[in-house]
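Chemist: Got query-v7.pdb for you, PDB, C-alpha atoms and all ligand atoms:
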```
ATOM      1  CA  MET Z   1      36.464 -19.792  19.551
ATOM      2  CA  ILE Z   2      32.725 -19.454  19.313
ATOM      3  CA  ALA Z   3      31.379 -19.899  15.810
ATOM      4  CA  GLU Z   4      29.003 -17.254  14.468
ATOM      5  CA  GLU Z   5      25.544 -18.425  15.393
ATOM      6  CA  PRO Z   6      23.667 -19.540  12.306
ATOM      7  CA  ILE Z   7      20.400 -17.789  11.422
ATOM      8  CA  LEU Z   8      18.916 -21.195  10.805
ATOM      9  CA  GLN Z   9      18.861 -24.181  13.009
ATOM     10  CA  SER Z  10      19.706 -27.509  11.452
ATOM     11  CA  ALA Z  11      16.134 -28.809  11.214
ATOM     12  CA  GLU Z  12      15.103 -25.814   9.158
ATOM     13  CA  LEU Z  13      14.853 -25.329   5.442
ATOM     14  CA  GLU Z  14      14.822 -22.371   3.172
ATOM     15  CA  ILE Z  15      12.270 -22.355   0.396
ATOM     16  CA  ARG Z  16      11.895 -19.729  -2.274
ATOM     17  CA  CYS Z  17       8.682 -18.771  -4.021
ATOM     18  CA  ASP Z  18       9.092 -18.546  -7.797
ATOM     19  CA  GLU Z  19       6.006 -16.381  -8.016
ATOM     20  CA  CYS Z  20       6.638 -13.480  -5.583
ATOM     21  CA  GLY Z  21      10.306 -14.059  -4.718
ATOM     22  CA  ALA Z  22       9.821 -14.413  -0.962
ATOM     23  CA  SER Z  23      12.268 -16.758   0.668
ATOM     24  CA  LEU Z  24      11.040 -18.476   3.757
ATOM     25  CA  VAL Z  25      12.699 -20.291   6.537
ATOM     26  CA  VAL Z  26      10.467 -23.104   7.734
ATOM     27  CA  LYS Z  27      10.704 -26.186   9.856
ATOM     28  CA  ASP Z  28      10.400 -29.249   7.660
ATOM     29  CA  SER Z  29       7.437 -30.446   9.676
ATOM     30  CA  SER Z  30       5.542 -27.254   8.936
ATOM     31  CA  LEU Z  31       6.610 -27.046   5.306
ATOM     32  CA  THR Z  32       3.600 -25.871   3.375
ATOM     33  CA  ALA Z  33       2.568 -26.624  -0.172
ATOM     34  CA  ARG Z  34       1.713 -23.004  -0.845
ATOM     35  CA  CYS Z  35       3.515 -19.680  -0.452
ATOM     36  CA  PRO Z  36       1.871 -17.943   2.524
ATOM     37  CA  TYR Z  37       2.172 -14.572   0.782
ATOM     38  CA  CYS Z  38       0.820 -15.254  -2.694
ATOM     39  CA  ALA Z  39      -0.600 -18.821  -2.422
ATOM     40  CA  SER Z  40       1.576 -19.961  -5.319
ATOM     41  CA  THR Z  41       2.553 -23.623  -5.345
ATOM     42  CA  SER Z  42       5.869 -23.099  -7.108
ATOM     43  CA  LEU Z  43       8.122 -23.344  -4.085
ATOM     44  CA  VAL Z  44      11.693 -24.447  -4.523
ATOM     45  CA  GLU Z  45      13.926 -25.710  -1.779
ATOM     46  CA  HIS Z  46      17.027 -23.595  -1.682
ATOM     47  CA  ALA Z  47      20.600 -23.701  -0.499
ATOM     48  CA  LEU Z  48      21.140 -21.362   2.422
ATOM     49  CA  SER Z  49      22.818 -18.165   1.337
ATOM     50  CA  ALA Z  50      25.704 -17.272   3.611
ATOM     51  CA  ASP Z  51      25.831 -13.579   2.715
ATOM     52  CA  ARG Z  52      22.288 -12.892   3.813
ATOM     53  CA  PRO Z  53      22.093  -9.949   6.254
ATOM     54  CA  ARG Z  54      21.554 -11.139   9.786
ATOM     55  CA  PRO Z  55      18.613  -9.778  11.800
ATOM     56  CA  GLU Z  56      19.668  -7.564  14.692
ATOM     57  CA  PHE Z  57      16.333  -7.263  16.442
ATOM     58  CA  ILE Z  58      13.056  -9.098  16.738
ATOM     59  CA  ILE Z  59       9.605  -8.148  17.994
ATOM     60  CA  PRO Z  60       8.173 -11.393  19.374
ATOM     61  CA  PHE Z  61       4.708 -12.695  18.548
ATOM     62  CA  VAL Z  62       2.123 -11.893  21.236
ATOM     63  CA  TRP Z  63      -0.882 -13.307  19.367
ATOM     64  CA  GLY Z  64      -0.981 -17.089  18.977
ATOM     65  CA  MET Z  65      -2.969 -19.189  16.504
ATOM     66  CA  ASP Z  66      -6.122 -19.742  18.607
ATOM     67  CA  ARG Z  67      -6.549 -16.102  19.532
ATOM     68  CA  VAL Z  68      -5.881 -15.039  15.937
ATOM     69  CA  ARG Z  69      -8.531 -17.459  14.630
ATOM     70  CA  GLN Z  70     -11.101 -16.129  17.100
ATOM     71  CA  LYS Z  71     -10.293 -12.529  16.279
ATOM     72  CA  LEU Z  72     -10.481 -13.138  12.525
ATOM     73  CA  ARG Z  73     -13.788 -15.009  12.902
ATOM     74  CA  ARG Z  74     -15.202 -12.005  14.771
ATOM     75  CA  TRP Z  75     -13.782  -9.648  12.148
ATOM     76  CA  ILE Z  76     -15.406 -11.629   9.340
ATOM     77  CA  GLY Z  77     -18.706 -11.922  11.250
ATOM     78  CA  SER Z  78     -18.952  -8.201  11.997
ATOM     79  CA  SER Z  79     -17.893  -7.068   8.561
ATOM     80  CA  GLY Z  80     -20.924  -4.870   7.959
ATOM     81  CA  LEU Z  81     -24.166  -4.520   6.084
ATOM     82  CA  PHE Z  82     -23.039  -4.485   2.474
ATOM     83  CA  VAL Z  83     -20.888  -7.588   2.549
ATOM     84  CA  PRO Z  84     -21.955 -10.613   0.457
ATOM     85  CA  SER Z  85     -23.861 -13.003   2.762
ATOM     86  CA  ALA Z  86     -21.467 -15.825   1.900
ATOM     87  CA  PHE Z  87     -18.535 -13.804   3.300
ATOM     88  CA  LYS Z  88     -19.858 -14.077   6.850
ATOM     89  CA  ALA Z  89     -19.384 -17.843   6.540
ATOM     90  CA  ALA Z  90     -15.940 -17.525   4.930
ATOM     91  CA  ALA Z  91     -13.417 -20.245   5.689
ATOM     92  CA  LEU Z  92     -10.078 -19.176   7.123
ATOM     93  CA  GLU Z  93      -7.308 -20.881   5.225
ATOM     94  CA  GLU Z  94      -3.551 -20.837   4.964
ATOM     95  CA  LEU Z  95      -3.136 -19.012   8.245
ATOM     96  CA  HIS Z  96       0.559 -18.521   8.984
ATOM     97  CA  GLY Z  97       2.476 -16.523  11.528
ATOM     98  CA  ILE Z  98       5.601 -15.232   9.818
ATOM     99  CA  TYR Z  99       8.494 -13.140  11.014
ATOM    100  CA  VAL Z 100       8.730 -10.561   8.235
ATOM    101  CA  PRO Z 101      12.060  -8.771   7.745
ATOM    102  CA  ALA Z 102      12.154  -4.970   7.695
ATOM    103  CA  TRP Z 103      14.832  -2.329   7.888
ATOM    104  CA  LEU Z 104      14.687   0.095  10.756
ATOM    105  CA  TYR Z 105      16.228   3.275   9.445
ATOM    106  CA  GLY Z 106      17.447   6.348  11.275
ATOM    107  CA  ALA Z 107      19.405   9.429  10.192
ATOM    108  CA  VAL Z 108      20.100  13.055  10.916
ATOM    109  CA  GLY Z 109      18.132  15.038   8.356
ATOM    110  CA  SER Z 110      19.208  18.576   7.487
ATOM    111  CA  ALA Z 111      17.281  21.006   5.363
ATOM    112  CA  ASP Z 112      18.581  24.334   4.067
ATOM    113  CA  TYR Z 113      15.430  26.329   3.591
ATOM    114  CA  SER Z 114      14.182  29.702   2.484
ATOM    115  CA  VAL Z 115      10.670  30.958   3.031
ATOM    116  CA  SER Z 116       8.472  34.036   3.354
ATOM    117  CA  ILE Z 117       6.985  34.356   6.831
ATOM    118  CA  GLY Z 118       3.785  36.334   7.352
ATOM    119  CA  GLU Z 119       3.029  38.099  10.619
ATOM    120  CA  ASP Z 120      -0.464  39.464  11.130
ATOM    121  CA  TYR Z 121      -1.122  42.779  12.845
ATOM    122  CA  GLN Z 122      -4.229  44.852  13.401
ATOM    123  CA  ARG Z 123      -4.809  48.508  12.811
ATOM    124  CA  VAL Z 124      -7.745  50.687  13.802
ATOM    125  CA  GLU Z 125      -8.858  52.838  10.900
ATOM    126  CA  THR Z 126     -11.341  55.644  10.584
ATOM    127  CA  TYR Z 127     -13.519  55.877   7.520
ATOM    128  CA  THR Z 128     -16.367  57.984   6.225
ATOM    129  CA  THR Z 129     -19.750  56.512   5.328
ATOM    130  CA  THR Z 130     -23.434  57.442   5.157
ATOM    131  CA  ASP Z 131     -25.844  56.268   7.865
ATOM    132  CA  SER Z 132     -29.429  55.089   7.423
ATOM    133  CA  LYS Z 133     -30.711  58.670   7.376
ATOM    134  CA  GLY Z 134     -28.305  59.697   4.616
ATOM    135  CA  ARG Z 135     -25.971  61.723   6.858
ATOM    136  CA  THR Z 136     -22.228  61.577   6.424
ATOM    137  CA  VAL Z 137     -20.598  60.001   9.503
ATOM    138  CA  ILE Z 138     -17.090  58.991  10.572
ATOM    139  CA  ARG Z 139     -16.635  55.471  11.969
ATOM    140  CA  THR Z 140     -13.749  53.212  12.999
ATOM    141  CA  ARG Z 141     -12.971  49.614  12.124
ATOM    142  CA  VAL Z 142     -10.192  47.086  12.838
ATOM    143  CA  ARG Z 143      -8.360  45.684   9.848
ATOM    144  CA  THR Z 144      -5.831  42.864   9.741
ATOM    145  CA  TYR Z 145      -2.695  43.232   7.656
ATOM    146  CA  THR Z 146       0.110  40.751   7.022
ATOM    147  CA  GLU Z 147       3.711  41.785   6.993
ATOM    148  CA  TRP Z 148       6.033  39.503   5.010
ATOM    149  CA  ARG Z 149       9.678  38.955   5.728
ATOM    150  CA  SER Z 150      12.024  36.464   4.180
ATOM    151  CA  LEU Z 151      13.749  33.898   6.319
ATOM    152  CA  SER Z 152      16.371  31.301   5.555
ATOM    153  CA  GLY Z 153      18.239  28.844   7.699
ATOM    154  CA  ARG Z 154      19.136  25.278   8.399
ATOM    155  CA  TYR Z 155      16.790  22.861  10.142
ATOM    156  CA  GLU Z 156      18.147  19.648  11.622
ATOM    157  CA  SER Z 157      16.354  16.699  13.117
ATOM    158  CA  TRP Z 158      17.007  13.163  14.273
ATOM    159  CA  LEU Z 159      14.699  10.977  12.212
ATOM    160  CA  MET Z 160      14.258   7.710  14.053
ATOM    161  CA  ASP Z 161      12.543   4.383  13.588
ATOM    162  CA  LEU Z 162      11.425   4.599   9.993
ATOM    163  CA  MET Z 163      10.403   1.121   8.899
ATOM    164  CA  VAL Z 164      10.569  -0.301   5.380
ATOM    165  CA  SER Z 165       9.859  -3.844   4.302
ATOM    166  CA  ALA Z 166      12.773  -6.052   3.243
ATOM    167  CA  SER Z 167      10.361  -8.769   2.143
ATOM    168  CA  ARG Z 168       9.289  -9.611  -1.376
ATOM    169  CA  GLY Z 169       6.149 -11.286  -0.074
ATOM    170  CA  LEU Z 170       4.874  -8.439   2.113
ATOM    171  CA  VAL Z 171       5.548  -5.232   0.211
ATOM    172  CA  ASN Z 172       6.049  -1.919   1.967
ATOM    173  CA  ALA Z 173       2.449  -0.747   1.479
ATOM    174  CA  ASP Z 174       1.229  -3.959   3.183
ATOM    175  CA  LEU Z 175       3.684  -3.469   6.023
ATOM    176  CA  GLU Z 176       2.475   0.107   6.484
ATOM    177  CA  SER Z 177      -1.092  -1.165   6.704
ATOM    178  CA  VAL Z 178      -0.279  -3.362   9.743
ATOM    179  CA  GLU Z 179       1.942  -0.753  11.424
ATOM    180  CA  PRO Z 180       2.482   0.533  14.047
ATOM    181  CA  PHE Z 181       4.513  -1.920  16.072
ATOM    182  CA  ASP Z 182       5.485  -1.051  19.608
ATOM    183  CA  LEU Z 183       9.265  -0.866  19.382
ATOM    184  CA  ARG Z 184       9.648  -0.913  23.152
ATOM    185  CA  ALA Z 185       9.056  -4.670  23.000
ATOM    186  CA  MET Z 186      11.947  -5.109  20.565
ATOM    187  CA  LYS Z 187      14.580  -7.623  21.623
ATOM    188  CA  ARG Z 188      18.062  -8.510  20.430
ATOM    189  CA  TYR Z 189      17.698 -11.167  17.755
ATOM    190  CA  ASP Z 190      18.069 -14.674  19.075
ATOM    191  CA  PRO Z 191      17.401 -17.652  16.752
ATOM    192  CA  ARG Z 192      15.684 -19.441  19.626
ATOM    193  CA  LEU Z 193      12.841 -16.906  19.444
ATOM    194  CA  LEU Z 194      11.998 -18.271  15.987
ATOM    195  CA  ALA Z 195      11.112 -21.691  17.360
ATOM    196  CA  GLY Z 196       7.729 -22.731  16.028
ATOM    197  CA  TRP Z 197       7.441 -19.866  13.553
ATOM    198  CA  SER Z 198       8.353 -19.314   9.933
ATOM    199  CA  ALA Z 199      10.641 -16.448   9.088
ATOM    200  CA  GLU Z 200      11.517 -14.783   5.855
ATOM    201  CA  GLY Z 201      15.077 -13.845   5.054
ATOM    202  CA  ALA Z 202      15.607 -10.308   3.764
ATOM    203  CA  SER Z 203      14.857 -10.891   0.094
ATOM    204  CA  LEU Z 204      14.976  -7.296  -1.184
ATOM    205  CA  GLU Z 205      18.239  -5.552  -1.992
ATOM    206  CA  LEU Z 206      19.421  -3.243   0.791
ATOM    207  CA  ASP Z 207      19.953  -0.390  -1.692
ATOM    208  CA  SER Z 208      16.361  -0.319  -2.865
ATOM    209  CA  CYS Z 209      15.124  -0.538   0.749
ATOM    210  CA  LEU Z 210      17.386   2.358   1.733
ATOM    211  CA  ALA Z 211      16.088   4.437  -1.167
ATOM    212  CA  GLU Z 212      12.546   3.802   0.077
ATOM    213  CA  ALA Z 213      13.572   4.653   3.658
ATOM    214  CA  ARG Z 214      15.168   7.949   2.566
ATOM    215  CA  HIS Z 215      11.997   8.726   0.669
ATOM    216  CA  GLU Z 216       9.992   8.305   3.902
ATOM    217  CA  ALA Z 217      12.611  10.292   5.842
ATOM    218  CA  GLU Z 218      12.319  13.095   3.286
ATOM    219  CA  ALA Z 219       8.536  13.208   3.774
ATOM    220  CA  ARG Z 220       8.868  13.267   7.563
ATOM    221  CA  LEU Z 221      11.506  16.010   7.424
ATOM    222  CA  GLY Z 222       9.199  18.081   5.192
ATOM    223  CA  GLN Z 223       6.339  17.667   7.674
ATOM    224  CA  GLU Z 224       8.522  18.660  10.616
ATOM    225  CA  LEU Z 225       9.846  21.645   8.707
ATOM    226  CA  SER Z 226       6.381  23.036   7.946
ATOM    227  CA  GLY Z 227       5.437  22.587  11.613
ATOM    228  CA  PHE Z 228       8.592  24.476  12.592
ATOM    229  CA  MET Z 229       7.816  27.638  10.599
ATOM    230  CA  PRO Z 230       7.273  30.690  12.846
ATOM    231  CA  GLY Z 231       4.738  33.461  12.250
ATOM    232  CA  ASP Z 232       1.050  33.262  11.392
ATOM    233  CA  SER Z 233       1.478  31.930   7.873
ATOM    234  CA  TYR Z 234       4.150  31.229   5.296
ATOM    235  CA  VAL Z 235       4.517  30.991   1.516
ATOM    236  CA  ASP Z 236       7.206  29.889  -0.948
ATOM    237  CA  LEU Z 237       8.914  27.350   1.293
ATOM    238  CA  SER Z 238      11.751  25.689  -0.588
ATOM    239  CA  TYR Z 239      14.496  23.483   0.800
ATOM    240  CA  SER Z 240      17.132  20.962  -0.094
ATOM    241  CA  SER Z 241      17.625  18.101   2.291
ATOM    242  CA  GLU Z 242      20.399  15.686   3.056
ATOM    243  CA  PHE Z 243      20.835  12.790   5.425
ATOM    244  CA  SER Z 244      23.884  11.880   7.449
ATOM    245  CA  GLU Z 245      24.780   9.434  10.187
ATOM    246  CA  GLU Z 246      22.461   6.886   8.662
ATOM    247  CA  THR Z 247      21.824   3.685  10.556
ATOM    248  CA  SER Z 248      19.907   0.652   9.389
ATOM    249  CA  SER Z 249      19.196  -2.504  11.312
ATOM    250  CA  LEU Z 250      17.312  -5.538  10.198
ATOM    251  CA  VAL Z 251      14.355  -6.361  12.422
ATOM    252  CA  LEU Z 252      11.937  -9.289  12.268
ATOM    253  CA  LEU Z 253       8.272  -8.337  12.707
ATOM    254  CA  PRO Z 254       5.446 -10.678  13.735
ATOM    255  CA  VAL Z 255       2.710 -10.799  11.081
ATOM    256  CA  TRP Z 256      -0.142 -13.252  10.548
ATOM    257  CA  ILE Z 257      -1.173 -13.822   6.945
ATOM    258  CA  GLY Z 258      -4.233 -15.751   5.902
ATOM    259  CA  VAL Z 259      -6.932 -16.118   3.300
ATOM    260  CA  ALA Z 260     -10.685 -15.846   3.847
ATOM    261  CA  ARG Z 261     -12.363 -17.981   1.164
ATOM    262  CA  TYR Z 262     -16.085 -17.614   0.488
ATOM    263  CA  GLY Z 263     -18.870 -18.144  -2.040
ATOM    264  CA  SER Z 264     -19.486 -20.908  -4.552
ATOM    265  CA  LYS Z 265     -16.642 -19.697  -6.788
ATOM    266  CA  GLY Z 266     -14.201 -19.660  -3.895
ATOM    267  CA  GLU Z 267     -13.413 -15.936  -4.027
ATOM    268  CA  GLN Z 268     -10.676 -14.978  -1.596
ATOM    269  CA  VAL Z 269      -9.607 -12.009   0.475
ATOM    270  CA  ARG Z 270      -6.137 -11.716   1.927
ATOM    271  CA  VAL Z 271      -6.121 -10.913   5.619
ATOM    272  CA  LEU Z 272      -3.197  -9.569   7.632
ATOM    273  CA  LEU Z 273      -2.977  -9.318  11.392
ATOM    274  CA  ASN Z 274      -0.322  -7.531  13.408
ATOM    275  CA  GLY Z 275       1.074 -10.358  15.562
ATOM    276  CA  GLN Z 276       1.991  -7.933  18.323
ATOM    277  CA  THR Z 277      -1.102  -5.732  18.626
ATOM    278  CA  GLY Z 278      -3.777  -7.960  17.017
ATOM    279  CA  GLU Z 279      -4.802  -5.243  14.546
ATOM    280  CA  VAL Z 280      -6.581  -6.791  11.515
ATOM    281  CA  VAL Z 281      -6.179  -5.469   7.979
ATOM    282  CA  GLY Z 282      -8.103  -6.708   4.978
ATOM    283  CA  SER Z 283     -10.385  -5.258   2.356
ATOM    284  CA  VAL Z 284     -13.859  -6.580   2.979
ATOM    285  CA  PRO Z 285     -15.712  -7.389  -0.279
ATOM    286  CA  LYS Z 286     -18.840  -5.382  -1.110
ATOM    287  CA  SER Z 287     -22.047  -6.742  -2.510
ATOM    288  CA  TRP Z 288     -23.399  -4.352  -5.143
ATOM    289  CA  THR Z 289     -26.745  -6.151  -5.082
ATOM    290  CA  LYS Z 290     -27.076  -5.319  -1.373
ATOM    291  CA  ILE Z 291     -25.984  -1.721  -1.865
ATOM    292  CA  LEU Z 292     -28.496  -1.228  -4.716
ATOM    293  CA  LEU Z 293     -31.300  -2.926  -2.765
ATOM    294  CA  PHE Z 294     -30.566  -0.667   0.195
ATOM    295  CA  ALA Z 295     -30.574   2.447  -2.026
ATOM    296  CA  PHE Z 296     -33.893   1.397  -3.600
ATOM    297  CA  GLY Z 297     -35.301   0.706  -0.135
ATOM    298  CA  VAL Z 298     -34.375   4.207   1.053
ATOM    299  CA  LEU Z 299     -35.819   5.745  -2.118
ATOM    300  CA  PHE Z 300     -39.031   3.760  -1.718
ATOM    301  CA  ALA Z 301     -39.373   4.785   1.939
ATOM    302  CA  LEU Z 302     -38.883   8.448   1.034
ATOM    303  CA  LEU Z 303     -41.482   8.227  -1.735
ATOM    304  CA  ALA Z 304     -43.948   6.510   0.598
ATOM    305  CA  LEU Z 305     -43.363   9.183   3.239
ATOM    306  CA  TYR Z 306     -43.785  11.913   0.655
ATOM    307  CA  SER Z 307     -47.057  10.521  -0.747
ATOM    308  CA  LEU Z 308     -48.341   9.943   2.793
ATOM    309  CA  SER Z 309     -47.666  13.532   3.851
ATOM    310  CA  ALA Z 310     -49.069  14.823   0.540
ATOM    311  CA  GLY Z 311     -52.183  12.697   1.171
ATOM    312  CA  LEU Z 312     -52.566  14.049   4.720
ATOM    313  CA  LEU Z 313     -52.114  17.600   3.494
ATOM    314  CA  ASP Z 314     -54.668  16.948   0.784
ATOM    315  CA  GLY Z 315     -57.092  15.558   3.395
ATOM    316  CA  ALA Z 316     -56.535  18.549   5.707
ATOM    317  CA  LEU Z 317     -57.250  21.029   2.914
ATOM    318  CA  ARG Z 318     -60.546  19.430   1.980
TER
HETATM  319 ZN    ZN X 401       4.907 -16.206  -3.073
END
```
Go ahead and express the file in the form of structure tokens.
Ligand SMILES: [Zn+2]
Modeler:
Amino acid sequence: MIAEEPILQSAELEIRCDECGASLVVKDSSLTARCPYCASTSLVEHALSADRPRPEFIIPFVWGMDRVRQKLRRWIGSSGLFVPSAFKAAALEELHGIYVPAWLYGAVGSADYSVSIGEDYQRVETYTTTDSKGRTVIRTRVRTYTEWRSLSGRYESWLMDLMVSASRGLVNADLESVEPFDLRAMKRYDPRLLAGWSAEGASLELDSCLAEARHEAEARLGQELSGFMPGDSYVDLSYSSEFSEETSSLVLLPVWIGVARYGSKGEQVRVLLNGQTGEVVGSVPKSWTKILLFAFGVLFALLALYSLSAGLLDGALR
């Protein structure tokens, strides 16, 4: 009999962050002193939980450490005009590639809807008016009318590949910011693919993830439904939706997380990079001093231009 393959290999440890609740699987050699998500130092080594859901799929890392460093350096260097000067020399710290767990959700969505559909039609009309010489004349014009009819029915759609985070460290909004991932590169989960990387176990409850996924499915169904409406326009669309044949599979996604530290006070910006596509996400700090100086500069230039042209005009008039 073949034993169920463990998610972890023997040389690996699970540590849990007391601050954000993420639970990471790391090799002891790469065990860090800080949580890669929230930089907290309260990490506790943890017994492996046996009932943890097992990943079904994995999207492997394409971007390795060196390439990520170069890309982030370029991103920091080209971060724009209004960034504090110190930011361009920011130090990249705590850079980790982590396999982040997410649920891939699919379902058949059905919506029973009712709506008023408008169809436009044109009619040529004759009307009486007075012309420029005050004579009464008869003219024609084209007018558009809308005819309304009520419509009700059932709309059904396969909603596929909705992704919600199962990680406490990388919340759903953060995951959405590094999406999309190319799902064609998705592979069956194999623990050997984790070699050299950290991975987080699914640390959020499945129920709350599913609620979030249905919420996203609801929004997508609504969008599809409005695109599906016939006619030239519609009003009073109302519908009730339900989801059946739901599927959810746990997938591990490649994400780089790091901190850009800058300035004398050591301010920091969290940076995320999609480990498959290399897309960088981070909110670049703004320097209000630079923005104000720029605004004053523009104002000054306009004033100078104005007084110059006024002066020339003055000179021309003399
Ligand atoms: Zn943490």
Chemist: I would like the residues chosen by the PyMOL selection byres (((chain Z and resi 116) around 12) and not hetatm) on the shown file; could you give them as a list of chain:residue names?
Modeler: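 That selection, the PyMOL selection byres (((chain Z and resi 116) around 12) and not hetatm), comes back as Z:Tyr113, Z:Ser114, Z:Val115, Z:Ile117, Z:Gly118, Z:Glu119, Z:Thr146, Z:Glu147, Z:Trp148, Z:Arg149, Z:Ser150, Z:Leu151, Z:Ser152, Z:Gly153, Z:Met229, Z:Pro230, Z:Gly231, Z:Asp232, Z:Ser233, Z:Tyr234, Z:Val235, Z:Asp236, Z:Leu237, Z:Ser238.
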Chemist: Go through chain Z residue by residue and, counting only C-alpha atoms and all ligand atoms, keep those with an atom at most 8 Å from ligand ZN 401 (chain X); for each kept residue give the shortest atom pair and its distance in Å to one decimal, ordered by chain and increasing number, as CSV.
Modeler:
```
residue,atom,partner,partner_atom,distance
Z:Arg16,CA,X:ZN401,ZN,7.9
Z:Cys17,CA,X:ZN401,ZN,4.7
Z:Asp18,CA,X:ZN401,ZN,6.7
Z:Glu19,CA,X:ZN401,ZN,5.1
Z:Cys20,CA,X:ZN401,ZN,4.1
Z:Gly21,CA,X:ZN401,ZN,6.0
Z:Ala22,CA,X:ZN401,ZN,5.6
Z:Arg34,CA,X:ZN401,ZN,7.8
Z:Cys35,CA,X:ZN401,ZN,4.6
Z:Pro36,CA,X:ZN401,ZN,6.6
Z:Tyr37,CA,X:ZN401,ZN,5.0
Z:Cys38,CA,X:ZN401,ZN,4.2
Z:Ala39,CA,X:ZN401,ZN,6.1
Z:Ser40,CA,X:ZN401,ZN,5.5
Z:Leu43,CA,X:ZN401,ZN,7.9
Z:Gly169,CA,X:ZN401,ZN,5.9
```
Chemist: To one decimal place in Å, what is the distance between CA of Leu194 in chain Z and CA of Gly282 in chain Z?
Modeler: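 These atoms are spaced 25.7 Å apart.
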Chemist: For CA of Ser177 in chain Z and CA of Val281 in chain Z, quote the distance in Å rounded to one decimal.
Modeler: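 Distance between the two atoms: 6.8 Å.
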Chemist: Expand the PyMOL selection byres (((chain Z and resi 75) around 12) and not hetatm) into the individual residues it matches in the shown file, reporting them as JSON, numbers by chain.
Modeler: {"Z": [68, 69, 70, 71, 72, 73, 74, 76, 77, 78, 79, 80, 87, 88, 89, 90, 92, 260, 271, 272, 273, 278, 279, 280, 281, 282, 283, 284]}
Chemist: Pick the closest to Leu95 in chain Z from Z:Ser198, Z:Leu210, Z:Lys265, Z:Val259: which is it, counting all atoms listed in the file?
Modeler: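 Under the stated criterion, the closest residue is Z:Val259.
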Chemist: Grab the CA of Leu221 in chain Z to CA of Met160 in chain Z distance for me, in Å with one decimal place.
Modeler: 11.0 Å
Chemist: Using all atoms listed in the file, which protein or nucleic acid residues come within 12 Å of Arg123 in chain Z? Drop anything in the same chain fewer than 2 positions from it, and give the result as a count of residues only.
Modeler: 11
Chemist: Using all atoms listed in the file, determine which residues lie at most 9 Å from Arg188 in chain Z, disregarding the query and same-chain residues fewer than 3 positions distant; provide the list as a compact mmCIF listing (two decimals) with C-alpha atoms, in the coordinates of the input.
Modeler:
```txt
# COMPACT_ATOMS: atom_id res chain seq x y z
CA PRO Z 55 18.61 -9.78 11.80
CA GLU Z 56 19.67 -7.56 14.69
CA PHE Z 57 16.33 -7.26 16.44
CA ILE Z 58 13.06 -9.10 16.74
CA ILE Z 59 9.60 -8.15 17.99
```
Chemist: When distances are computed from all atoms listed in the file, which of Z:Phe243, Z:Phe300, Z:Glu94, Z:Glu216 shows the smallest separation from Tyr155 in chain Z?
Modeler: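 Smallest distance to Tyr155 in chain Z is found for Z:Phe243.
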Chemist: Report as CSV the residues of range 188-302 of chain Z within 7 Å of range 101-104 of chain Z, each with its shortest atom pair and distance in Å (one decimal), using only C-alpha atoms, ordered by chain and increasing residue number.
Modeler:
```
residue,atom,partner,partner_atom,distance
Z:Glu200,CA,Z:Pro101,CA,6.3
Z:Gly201,CA,Z:Pro101,CA,6.5
Z:Ala202,CA,Z:Pro101,CA,5.5
Z:Ser248,CA,Z:Leu104,CA,5.4
Z:Ser249,CA,Z:Leu104,CA,5.2
Z:Leu250,CA,Z:Trp103,CA,4.7
Z:Val251,CA,Z:Ala102,CA,5.4
Z:Leu252,CA,Z:Pro101,CA,4.6
Z:Leu253,CA,Z:Pro101,CA,6.3
```
Chemist: Contacts of Trp288 in chain Z at 10 Å or less, counting all atoms listed in the file, minus same-chain residues fewer than 5 places along, as a short mmCIF file (atom, residue, chain, number, x, y, z; two decimals) with C-alpha atoms, in the frame of the given file?
Modeler:
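Here's the written file result.cif:
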```
data_model
loop_
_atom_site.label_atom_id
_atom_site.label_comp_id
_atom_site.auth_asym_id
_atom_site.auth_seq_id
_atom_site.Cartn_x
_atom_site.Cartn_y
_atom_site.Cartn_z
CA PHE Z 82 -23.04 -4.49 2.47
CA VAL Z 83 -20.89 -7.59 2.55
CA PRO Z 84 -21.96 -10.61 0.46
CA LEU Z 293 -31.30 -2.93 -2.76
CA PHE Z 294 -30.57 -0.67 0.20
#
```
Chemist: With distances taken over all atoms listed in the file, which of Z:Leu175, Z:Leu204, Z:Ile15, Z:Leu308 is nearest to Pro53 in chain Z?
Modeler: Z:Leu204
Chemist: Could you name the residues that touch Thr247 in chain Z at 7 Å or less, counting all atoms listed in the file, but leaving out those on the same chain fewer than 2 positions away, as a PyMOL selection string?
Modeler: chain Z and resi 105-107+245+249
Chemist: Which residues are near Arg220 in chain Z? Cut-off 12 Å, all atoms listed in the file, ignore same chain within fewer than 4 positions. Put them as a PyMOL selection string.
Modeler: chain Z and resi 106-111+156-162+213-216+224-227+241
Chemist: Under the rule that all atoms listed in the file are counted, which of Z:Gly134, Z:Gly97, Z:Pro60, Z:Gly311 is the nearest residue to Ala199 in chain Z?
Modeler: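 Under the stated criterion, the closest residue is Z:Gly97.
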Chemist: From the options Z:Trp256, Z:Leu170, Z:Asp190, Z:Thr136, which residue's atoms come nearest to Arg54 in chain Z, counting only C-alpha atoms?
Modeler: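 Closest candidate: Z:Asp190.
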